[in-house]
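J.: A single structure is presented below for examination.
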Number of protein chains: 2
Amino acid sequence: MLTYSLSDTGKDSLYLYLYKCIKNDILTGTLPAKTKLPSKRSFAKNLGISNITVENAYGLLASEGYIFSIPKRGYFVSDITFPVHPSHPCNQAGETARTFSDSPFAHTKTFPHAAGNDPNTPAIFADFVSNRTTPESFPFSIWAKLSRETVSAKREELLTNPPCGGIIELREAICAHLKQFRGMQICAEQVIIGAGTDYLYSLLILLLGRDKIYAVENPGYTKIEKVYRSHGVDCRFVNMDSFGILVEELNRKGADIAHISPSHHYPTGIVTPASRRYELLGWAAAHPSRYIIEDDYDSEFRFTARPIPTLQSIDAMERVIYINTFTKSLASTIRISYMVLPPHLLARFYEQLSFYSGTVSNFEQYTLAKFIRGGYFEKHINRMRNHYRFIRDALLAAIRESPLATCSTITEECAGLHFILRLKTPLSDQELVKISKSHGLLLSCLSEYYHGMPPEDYMGYTTLANAIVMNYSGLREADIKEAVRRLSESVLTKGD
Amino acid sequence: MLTYSLSDTGKDSLYLYLYKCIKNDILTGTLPAKTKLPSKRSFAKNLGISNITVENAYGLLASEGYIFSIPKRGYFVSDITFPVHPSHPCNQAGETARTFSDSPFAHTKTFPHAAGNDPNTPAIFADFVSNRTTPESFPFSIWAKLSRETVSAKREELLTNPPCGGIIELREAICAHLKQFRGMQICAEQVIIGAGTDYLYSLLILLLGRDKIYAVENPGYTKIEKVYRSHGVDCRFVNMDSFGILVEELNRKGADIAHISPSHHYPTGIVTPASRRYELLGWAAAHPSRYIIEDDYDSEFRFTARPIPTLQSIDAMERVIYINTFTKSLASTIRISYMVLPPHLLARFYEQLSFYSGTVSNFEQYTLAKFIRGGYFEKHINRMRNHYRFIRDALLAAIRESPLATCSTITEECAGLHFILRLKTPLSDQELVKISKSHGLLLSCLSEYYHGMPPEDYMGYTTLANAIVMNYSGLREADIKEAVRRLSESVLTKGD
């Protein structure tokens with residue numbers, strides 16, 4: 001049975017120390033996914049501690065998603081390895097950590113004997129995959145203040161059912177924001193609020209039709225394709241060149257709906273230029289069934305001077321649906337996203353789908369409306385942009401000063417919260433990820449976001465391989481040098 | 001052009017008075033849905049008031065959903081008539097009010113000339129359809145206090161991504177509640193949190209399969225069928241007898257999934273007895289593709305002593321998915337519902353759908369968890385049950401003392417927030433609804449919830465007609481006598 005030495009717990013209480021030991025073994029893979037943990041009683045007996053100590057440790061691990069319980073079967077280790085296609089920056093890291101690749105009931109492994117702490121498998125030091133925002137970046141005191149004001153001042157409104165599209169104050173605030181920062185001339189009624197982009201994607205499938213052919217970018221944010229697939233609609237991968245999605249391929253694959261991120265593509269970082277934008281609008285205008293879903297998920301964090309106008313703002317034919325979210329720009333635990341429907345789709349939405357109840361509580365809608373109207377959102381964005389720029393610059397500088405400087409190139413570092421680090425290395429992407437992990441780094445490679453066999457000549461590069469997607473938004477300044485040191489070590493390793 | 005006399009606005013400001021005039025004309029149907037309102041400037045000129053006064057009145061009407069604006073086209077009257085199938089008690093009245101029956105762009109009516117206030121069409125006095133809860137019933141100060149505590153104490157947790165099923169504290173609190181009040185022995189991990197039941201219904205379609213045949217109760221809550229239809233799945237109406245849904249017809253119609261409300265059916269009020277419950281479980285156990293979705297939407301408000309156990313709690317074969325919501329028991333603007341998945345479906349959920357992000361913000365999940373754990377939810381339910389019982393008793397007494405006593409019978413008044421008032425009247429259901437409206441009452445009839453031609457002999461009654469569904473949860477004590485007086489007047493009218 002699993003054994004830990006509990007003789008020196010440092011400043012930690014016994015249960016917290018036990019929690020950390022198990023968590024570390026899960027993070028390092030010593031305890032693989034679906035492993036059954038020992039029963040509380042037998043584990044307590046084995047370690048010579050009380051049942052309640054084990055219970056507390058298991059409880060904490062379960063509440064953080066590292067383990068899960070099954071009624072009458074006990075506790076099991078969650079699958080916290082990142083899936084083949086890593087998460088999008090918008091993704092909730094906490095959820096990815098819970099993706100099972102198989103039923104936990106099917107083939108649960110028996111618990112390895114004496115699989116204690118292995119000093120050779122260090123804990124995760126830096127995570128370049130999940131791209132979560134750091135909790136300390138959230139403007140907590142302002143948000144708390146506005147929450148309190150909302151509760152005191154909006155008693156009646158908080159209990160009045162909102163329109164299915166969301167409360168009008170929030171839609172007006174978003175409207176004004178989009179006008180000021182994205183130059184979009186829309187009307188508040190066109191803004192539809194929903195609990196996260198996944199929910200809005202699902203609504204759009206119902207609105208645009210399950211019989212349509214949906215196209216997603218390849219490479220791309222794999223969660224979008226998963227949403228389409230879970231609805232059983234025909235979803236096709238369409239390749240990109242260095243300007244964005246290929247219009248010729250959209251035509252060839254018979255796409256009706258193109259789901260794209262022209263302002264800043266994930267993971268390549270490509271910004272689609274104006275010429276391709278007009279080509280895309282032309283494609284959409286050519287047939288009444290065609291629409292473009294413009295996913296503008298991180299446009300707030302552009303570092304260069306002038307953002308290119310959104311497709312929505314140069315669309316004269318009502319073919320573009322604009323989507324954006326506050327889960328990225330504010331906090332991933334605030335589940336508020338929105339879409340902007342062209343007028344004729346707005347009418348269809350009210351006609352066909354307005355029976356669906358709103359998914360965001362009045363309370364948070366009013367608080368967010370206050371937050372935007374009060375100018376706090378703009379301030380927050382500016383502050384975060386500066387913060388991210390600082391982290392990016394420090395990370396780029398550290399790479400330039402490291403042994404990596406001579407064996408890597410960096411691309412697409414002007415926008416978003418990631419850049420691409422291309423390495424000259426004999427290692428395969430799988431080896432790179434594995435070795436980095438043994439050095440305490442979570443990495444993902446561009447190839448993991450690509451569906452199918454990538455072409456030989458990929459966007460001017462001889463290969464799609466050996467390009468690391470460096471999501472740096474969760475990185476702390478103090479950790480940058482050490483993270484780069486570990487990365488250099490991983491890359492300079494000569495393989496297994 | 002529309003004209004109102006603004007010479008005597010009483011205590012109201014000019015814009016508020018104008019708002020009330022237009023609102024009243026919309027509610028009474030004088031301004032029908034899709035009517036285009038005059039432009040602000042021409043309306044202001046016509047009434048001899050400032051543009052800003054009209055703008056304020058329009059703004060308020062728009063924010064409450066009575067009118068809506070279309071970019072570059074102006075303001076239009078929303079469709080606030082209730083749809084053919086009226087809303088379920090869970091429904092958000094505010095949304096129903098916004099259902100368009102047709103595109104507002106298609107055939108907008110021109111504005112009637114001189115369609116001023118008609119003193120013969122009174123405003124709505126009592127609404128027996130929407131069954132919204134009264135805002136004053138919400139435990140506001142406790143909720144505000146717990147919200148504040150959550151913001152102060154849970155800083156870190158509020159920004160930590162929750163498991164896709166919801167934060168564990170809330171799921172544990174729900175688990176304990178279900179154990180205590182519904183005798184359900186489940187594990188917190190089986191509880192999946194979602195932003196409203198509509199969202200959970202949609203998730204269940206993805207989980208159980210789009211290829212399955214879904215059965216809904218006839219008559220029944222029409223929104224459920226709308227959700228299935230919007231997803232394009234095969235959804236069939238299955239008739240009920242006085243014990244609940246007919247198992248023989250489930251078999252005959254080839255249903256895989258039966259979506260039912262055995263604890264308290266809407267709108268009939270039927271409580272399915274134990275014998276039929278076992279028959280239903282037997283039906284579900286007979287084939288691996290079969291499941292029962294047990295929609296327990298208002299079980300908290302049972303007035304009789306002992307509720308019958310849930311299907312979930314007597315299901316030994318993992319065939320029952322239990323669903324309930326706080327939008328009904330707490331406030332419709334708090335968008336938190338949950339479902340309880342049997343273990344094998346829980347595994348499938350994690351396997352196939354855990355990539356979907358959670359839809360409820362951490363903030364409200366933590367606040368609600370505190371609310372339940374602190375015993376406030378139980379207190380609130382008890383208080384509301386007493387309140388509803390009081391309103392029901394007063395309403396029943398008022399009916400007995402009215403001329404209605406001799407021409408009506410009352411059934412199913414022991415549970416939920418509605419009862420059935422069967423009338424002896426020569427009026428058709430359509431006439432009844434129309435005449436009542438002219439008396440300031442919003443009513444719906446049982447026949448409106450029935451799909452297709454009802455049978456001649458309906459559950460022991462000679463007809464399905466002339467049965468009013470009396471939703472009384474939004475009724476104020478002070479209005480009961482007057483509402484019954486108006487109802488008597490409507491019923492005793494000899495038709496047109």
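Chain labels A, B, ... are given in the sequence in which chains occur in the structure tokens; within each chain residues are numbered consecutively from 1, and ligands are likewise numbered from 1 in the order shown.
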Contacts of Pro273 of chain B at 12 Å or less, counting only C-alpha atoms, minus same-chain residues fewer than 4 places along, as a PyMOL selection string?
T.: chain B and resi 241-245+261-265+277-280+307-311
J.: Looking only at helix (DSSP H, G or I) from DSSP on the backbone, list the matching residues of segment 198-445 of chain B as a ChimeraX atom specification.
T.: /B:198-208,222-230,247-252,274-285,299-301,312-314,326-329,343-353,362-373,376-400,403-407,429-438
J.: So, counting only C-alpha atoms, which residue among A:Ser275, A:Ser289, A:Ser69, A:Ser141 is closest to Ala258 of chain A?
T.: A:Ser289
J.: Determine, counting only C-alpha atoms, which protein, DNA and RNA residues have an atom within 6 Å of an atom of segment 321-332 of chain B; residues of the same chain fewer than 4 positions away are not included. Present the result as a PyMOL selection string.
T.: chain B and resi 90+293-297+336-341
J.: Write a file of the just-selected residues containing N, CA and C atoms, as a short mmCIF file (atom, residue, chain, number, x, y, z; two decimals), in the first residue's frame.
T.:
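Wrote it out as selection-v8.cif, contents follow:
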data_model
loop_
_atom_site.label_atom_id
_atom_site.label_comp_id
_atom_site.auth_asym_id
_atom_site.auth_seq_id
_atom_site.Cartn_x
_atom_site.Cartn_y
_atom_site.Cartn_z
N CYS B 90 -42.16 27.39 -13.97
CA CYS B 90 -40.73 27.65 -13.93
C CYS B 90 -40.30 28.69 -14.93
N ILE B 293 -36.32 10.78 -17.08
CA ILE B 293 -35.90 12.07 -16.54
C ILE B 293 -37.00 12.52 -15.58
N GLU B 294 -36.65 12.54 -14.30
CA GLU B 294 -37.64 12.87 -13.27
C GLU B 294 -37.52 14.35 -12.92
N ASP B 295 -38.46 15.12 -13.41
CA ASP B 295 -38.42 16.58 -13.25
C ASP B 295 -39.21 16.93 -11.99
N ASP B 296 -38.49 17.28 -10.95
CA ASP B 296 -39.10 17.43 -9.61
C ASP B 296 -39.25 18.91 -9.28
N TYR B 297 -39.72 19.69 -10.26
CA TYR B 297 -39.56 21.15 -10.22
C TYR B 297 -40.17 21.87 -9.02
N ILE B 336 -29.70 28.71 -11.16
CA ILE B 336 -29.00 27.51 -10.73
C ILE B 336 -29.97 26.33 -10.67
N SER B 337 -29.68 25.31 -11.44
CA SER B 337 -30.43 24.07 -11.41
C SER B 337 -29.42 22.94 -11.25
N TYR B 338 -29.94 21.73 -11.06
CA TYR B 338 -29.01 20.61 -10.94
C TYR B 338 -29.67 19.32 -11.38
N MET B 339 -28.84 18.36 -11.74
CA MET B 339 -29.35 17.03 -12.01
C MET B 339 -28.51 16.01 -11.26
N VAL B 340 -29.12 14.87 -10.98
CA VAL B 340 -28.42 13.79 -10.29
C VAL B 340 -28.29 12.64 -11.28
N LEU B 341 -27.07 12.33 -11.66
CA LEU B 341 -26.85 11.28 -12.65
C LEU B 341 -26.57 9.95 -11.95
#
J.: Which residues are close to Leu159 of chain B, i.e. within 10 Å by only C-alpha atoms, leaving aside same-chain residues fewer than 2 positions away? Reply as number ranges by chain.
T.: A: 133-138, 140, 331-334; B: 154-157, 161-162, 361-363
J.: Taking the DSSP secondary structure from the backbone, can you list the residues of segment 212-408 of chain A that are strand (DSSP E or B), as a ChimeraX atom specification?
T.: /A:213-218,234-241,244-245,257-260,291-295,320-325,337-340,408
J.: For N, CA, C and O atoms, I'd like the residues from the last selection saved as a compact mmCIF listing (two decimals), in the first residue's frame.
T.:
# COMPACT_ATOMS: atom_id res chain seq x y z
N ILE A 213 -23.08 22.74 -42.73
CA ILE A 213 -21.72 22.23 -42.60
C ILE A 213 -20.87 23.31 -41.95
O ILE A 213 -20.78 24.43 -42.43
N TYR A 214 -20.30 22.95 -40.82
CA TYR A 214 -19.51 23.89 -40.03
C TYR A 214 -18.02 23.66 -40.30
O TYR A 214 -17.57 22.52 -40.32
N ALA A 215 -17.29 24.76 -40.48
CA ALA A 215 -15.86 24.65 -40.71
C ALA A 215 -15.12 25.27 -39.54
O ALA A 215 -15.47 26.35 -39.07
N VAL A 216 -14.09 24.55 -39.06
CA VAL A 216 -13.23 25.10 -38.01
C VAL A 216 -11.79 25.14 -38.52
O VAL A 216 -11.42 24.39 -39.43
N GLU A 217 -11.01 26.01 -37.93
CA GLU A 217 -9.65 26.21 -38.38
C GLU A 217 -8.75 25.03 -38.00
O GLU A 217 -8.88 24.48 -36.91
N ASN A 218 -7.82 24.69 -38.90
CA ASN A 218 -6.85 23.63 -38.66
C ASN A 218 -5.44 24.16 -38.94
O ASN A 218 -5.14 24.49 -40.08
N ASP A 234 -22.23 18.19 -38.82
CA ASP A 234 -21.12 17.95 -39.75
C ASP A 234 -20.10 19.07 -39.58
O ASP A 234 -20.37 20.23 -39.90
N CYS A 235 -18.93 18.74 -39.03
CA CYS A 235 -17.91 19.74 -38.75
C CYS A 235 -16.63 19.35 -39.47
O CYS A 235 -16.15 18.23 -39.31
N ARG A 236 -16.09 20.25 -40.29
CA ARG A 236 -14.92 19.90 -41.11
C ARG A 236 -13.74 20.82 -40.80
O ARG A 236 -13.92 22.01 -40.56
N PHE A 237 -12.56 20.23 -40.84
CA PHE A 237 -11.35 21.00 -40.61
C PHE A 237 -10.91 21.68 -41.90
O PHE A 237 -10.84 21.02 -42.95
N VAL A 238 -10.60 22.94 -41.83
CA VAL A 238 -10.15 23.67 -43.01
C VAL A 238 -8.77 24.27 -42.70
O VAL A 238 -8.59 24.92 -41.66
N ASN A 239 -7.83 24.03 -43.58
CA ASN A 239 -6.45 24.46 -43.34
C ASN A 239 -6.27 25.97 -43.44
O ASN A 239 -7.11 26.67 -43.98
N MET A 240 -5.17 26.43 -42.89
CA MET A 240 -4.84 27.84 -42.89
C MET A 240 -3.53 28.06 -43.65
O MET A 240 -2.68 27.18 -43.71
N ASP A 241 -3.37 29.24 -44.20
CA ASP A 241 -2.04 29.66 -44.59
C ASP A 241 -1.66 30.80 -43.65
O ASP A 241 -2.34 31.02 -42.64
N GLY A 244 -4.51 33.20 -42.62
CA GLY A 244 -5.73 32.75 -41.96
C GLY A 244 -6.35 31.58 -42.69
O GLY A 244 -5.66 30.87 -43.45
N ILE A 245 -7.64 31.36 -42.46
CA ILE A 245 -8.31 30.19 -43.04
C ILE A 245 -8.36 30.33 -44.57
O ILE A 245 -8.46 31.45 -45.09
N ILE A 257 -20.90 27.43 -42.57
CA ILE A 257 -20.54 28.31 -41.47
C ILE A 257 -19.04 28.20 -41.22
O ILE A 257 -18.53 27.10 -41.03
N ALA A 258 -18.35 29.34 -41.21
CA ALA A 258 -16.92 29.33 -40.89
C ALA A 258 -16.72 29.91 -39.51
O ALA A 258 -17.06 31.06 -39.26
N HIS A 259 -16.20 29.09 -38.61
CA HIS A 259 -15.96 29.54 -37.23
C HIS A 259 -14.48 29.90 -37.12
O HIS A 259 -13.63 29.01 -37.10
N ILE A 260 -14.17 31.18 -37.06
CA ILE A 260 -12.77 31.61 -37.15
C ILE A 260 -12.40 32.68 -36.12
O ILE A 260 -13.28 33.28 -35.50
N TYR A 291 -22.51 31.87 -43.13
CA TYR A 291 -22.24 32.83 -42.05
C TYR A 291 -20.80 32.66 -41.57
O TYR A 291 -20.22 31.58 -41.69
N ILE A 292 -20.28 33.72 -40.97
CA ILE A 292 -18.98 33.65 -40.32
C ILE A 292 -19.19 33.89 -38.82
O ILE A 292 -19.83 34.87 -38.43
N ILE A 293 -18.69 32.98 -38.01
CA ILE A 293 -18.69 33.21 -36.57
C ILE A 293 -17.31 33.76 -36.24
O ILE A 293 -16.30 33.06 -36.38
N GLU A 294 -17.27 35.03 -35.83
CA GLU A 294 -16.00 35.71 -35.58
C GLU A 294 -15.71 35.65 -34.08
O GLU A 294 -16.30 36.36 -33.29
N ASP A 295 -14.80 34.77 -33.72
CA ASP A 295 -14.49 34.52 -32.31
C ASP A 295 -13.34 35.45 -31.91
O ASP A 295 -12.20 35.23 -32.27
N VAL A 320 -22.03 38.18 -40.48
CA VAL A 320 -21.05 37.92 -39.43
C VAL A 320 -21.70 37.93 -38.04
O VAL A 320 -22.46 38.84 -37.71
N ILE A 321 -21.41 36.89 -37.27
CA ILE A 321 -21.82 36.83 -35.87
C ILE A 321 -20.56 37.00 -35.04
O ILE A 321 -19.61 36.22 -35.16
N TYR A 322 -20.56 38.03 -34.23
CA TYR A 322 -19.38 38.33 -33.41
C TYR A 322 -19.54 37.69 -32.03
O TYR A 322 -20.62 37.78 -31.43
N ILE A 323 -18.49 37.05 -31.53
CA ILE A 323 -18.53 36.44 -30.18
C ILE A 323 -17.33 36.89 -29.37
O ILE A 323 -16.21 36.93 -29.88
N ASN A 324 -17.57 37.23 -28.13
CA ASN A 324 -16.46 37.53 -27.22
C ASN A 324 -16.86 37.13 -25.80
O ASN A 324 -18.01 36.77 -25.55
N THR A 325 -15.91 37.18 -24.90
CA THR A 325 -16.17 36.66 -23.56
C THR A 325 -15.44 37.46 -22.48
O THR A 325 -14.41 38.07 -22.76
N SER A 337 -20.39 35.54 -21.35
CA SER A 337 -19.93 35.78 -22.71
C SER A 337 -21.08 36.45 -23.46
O SER A 337 -22.17 36.61 -22.92
N TYR A 338 -20.80 36.88 -24.68
CA TYR A 338 -21.88 37.49 -25.46
C TYR A 338 -21.64 37.30 -26.94
O TYR A 338 -20.50 37.03 -27.37
N MET A 339 -22.72 37.40 -27.70
CA MET A 339 -22.58 37.41 -29.15
C MET A 339 -23.39 38.57 -29.70
O MET A 339 -24.32 39.04 -29.05
N VAL A 340 -22.99 39.04 -30.87
CA VAL A 340 -23.69 40.13 -31.54
C VAL A 340 -24.31 39.55 -32.80
O VAL A 340 -23.59 39.08 -33.69
N SER A 408 16.70 28.57 -31.49
CA SER A 408 15.26 28.79 -31.57
C SER A 408 14.94 30.11 -32.27
O SER A 408 15.78 31.00 -32.35
J.: Quick one: residues within 10 Å of Tyr266 of chain A, only C-alpha atoms, excluding same-chain residues fewer than 6 positions away - as a list in words?
T.: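 The residues satisfying every condition are His88, Pro89, Glu217, Asn218, Pro219, Gly220, Tyr221, Thr222, Ile260, Tyr297, Asp298, Gly416, Leu417, His418, Phe419, Leu446, Tyr449 and Val469 of chain A.
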J.: By how many Å are atom CA of Ile70 of chain B and atom CA of Ala44 of chain B apart?
T.: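 Computing it gives 19.7 Å between the two atoms.
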J.: Take atom CA of Ile381 of chain A and atom CA of Ile124 of chain A and report the distance between them in Å, one decimal.
T.: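 Distance between the two atoms: 28.7 Å.
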J.: Identify, on the basis of only C-alpha atoms, every residue whose closest approach to segment 14-19 of chain A does not exceed 8 Å; exclude the query and any residue fewer than 3 positions from it along the same chain; express the result as JSON, numbers by chain.
T.: {"A": [4, 6, 9, 22, 23, 53, 54, 56, 57, 58, 60, 61]}
J.: Could you save those same residues with all heavy atoms as a compact mmCIF listing (two decimals), in the first residue's frame?
T.:
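The result, written out as part-v3.txt:
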# COMPACT_ATOMS: atom_id res chain seq x y z
N TYR A 4 3.75 7.12 2.86
CA TYR A 4 4.52 8.36 2.90
C TYR A 4 5.16 8.49 4.28
O TYR A 4 4.58 8.06 5.27
CB TYR A 4 3.61 9.58 2.68
CG TYR A 4 2.94 9.60 1.32
CD1 TYR A 4 1.57 9.39 1.21
CD2 TYR A 4 3.67 9.82 0.16
CE1 TYR A 4 0.94 9.41 -0.01
CE2 TYR A 4 3.05 9.84 -1.08
CZ TYR A 4 1.68 9.63 -1.17
OH TYR A 4 1.08 9.65 -2.38
N LEU A 6 5.66 10.59 7.27
CA LEU A 6 4.99 11.76 7.83
C LEU A 6 5.77 12.30 9.04
O LEU A 6 5.22 13.03 9.87
CB LEU A 6 3.55 11.40 8.22
CG LEU A 6 2.67 10.90 7.06
CD1 LEU A 6 1.30 10.48 7.59
CD2 LEU A 6 2.50 11.94 5.97
N THR A 9 6.69 17.06 8.67
CA THR A 9 5.67 17.74 7.86
C THR A 9 5.94 19.24 7.77
O THR A 9 5.13 19.98 7.23
CB THR A 9 4.27 17.51 8.44
OG1 THR A 9 4.22 18.14 9.73
CG2 THR A 9 3.95 16.04 8.59
N ILE A 22 0.16 13.41 -1.87
CA ILE A 22 -0.66 12.71 -2.87
C ILE A 22 -0.78 13.56 -4.12
O ILE A 22 -0.63 13.07 -5.25
CB ILE A 22 -2.06 12.37 -2.29
CG1 ILE A 22 -1.92 11.50 -1.02
CG2 ILE A 22 -2.92 11.67 -3.33
CD1 ILE A 22 -3.23 11.27 -0.29
N LYS A 23 -1.04 14.87 -3.93
CA LYS A 23 -1.19 15.78 -5.06
C LYS A 23 0.06 15.74 -5.94
O LYS A 23 -0.03 15.69 -7.17
CB LYS A 23 -1.44 17.18 -4.53
CG LYS A 23 -1.58 18.26 -5.60
CD LYS A 23 -1.94 19.59 -4.96
CE LYS A 23 -1.60 20.76 -5.86
NZ LYS A 23 -1.93 22.05 -5.22
N THR A 53 -7.88 12.42 9.50
CA THR A 53 -6.78 13.08 8.77
C THR A 53 -6.80 12.69 7.30
O THR A 53 -6.69 13.53 6.40
CB THR A 53 -5.43 12.70 9.41
OG1 THR A 53 -5.46 13.07 10.78
CG2 THR A 53 -4.27 13.41 8.73
N VAL A 54 -6.97 11.40 7.05
CA VAL A 54 -7.06 10.92 5.66
C VAL A 54 -8.29 11.52 5.00
O VAL A 54 -8.24 12.00 3.85
CB VAL A 54 -7.11 9.39 5.61
CG1 VAL A 54 -7.26 8.91 4.18
CG2 VAL A 54 -5.87 8.78 6.25
N ASN A 56 -9.80 14.30 5.61
CA ASN A 56 -9.58 15.71 5.28
C ASN A 56 -8.70 15.88 4.04
O ASN A 56 -8.96 16.73 3.19
CB ASN A 56 -8.97 16.45 6.46
CG ASN A 56 -9.98 16.68 7.57
OD1 ASN A 56 -11.18 16.64 7.32
ND2 ASN A 56 -9.51 16.90 8.79
N ALA A 57 -7.66 15.07 3.98
CA ALA A 57 -6.77 15.15 2.81
C ALA A 57 -7.51 14.76 1.54
O ALA A 57 -7.45 15.46 0.53
CB ALA A 57 -5.56 14.25 3.02
N TYR A 58 -8.27 13.64 1.59
CA TYR A 58 -9.05 13.22 0.43
C TYR A 58 -10.08 14.28 0.05
O TYR A 58 -10.31 14.57 -1.13
CB TYR A 58 -9.78 11.89 0.72
CG TYR A 58 -8.92 10.64 0.58
CD1 TYR A 58 -7.55 10.72 0.40
CD2 TYR A 58 -9.50 9.37 0.62
CE1 TYR A 58 -6.77 9.57 0.27
CE2 TYR A 58 -8.75 8.21 0.48
CZ TYR A 58 -7.38 8.31 0.32
OH TYR A 58 -6.63 7.18 0.18
N LEU A 60 -9.98 17.51 0.47
CA LEU A 60 -9.35 18.65 -0.19
C LEU A 60 -8.96 18.29 -1.62
O LEU A 60 -9.18 19.06 -2.56
CB LEU A 60 -8.13 19.10 0.63
CG LEU A 60 -7.51 20.44 0.26
CD1 LEU A 60 -8.55 21.55 0.30
CD2 LEU A 60 -6.37 20.77 1.22
N LEU A 61 -8.39 17.10 -1.78
CA LEU A 61 -8.01 16.66 -3.13
C LEU A 61 -9.23 16.56 -4.04
O LEU A 61 -9.19 16.94 -5.21
CB LEU A 61 -7.31 15.28 -3.05
CG LEU A 61 -5.90 15.29 -2.47
CD1 LEU A 61 -5.50 13.88 -2.05
CD2 LEU A 61 -4.89 15.86 -3.46
J.: Pick from A:Gly48, A:Gly166, A:Gly474, A:Gly196: nearest to chain B, with only C-alpha atoms counted?
T.: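 Among the listed residues, the smallest separation from chain B belongs to A:Gly196.
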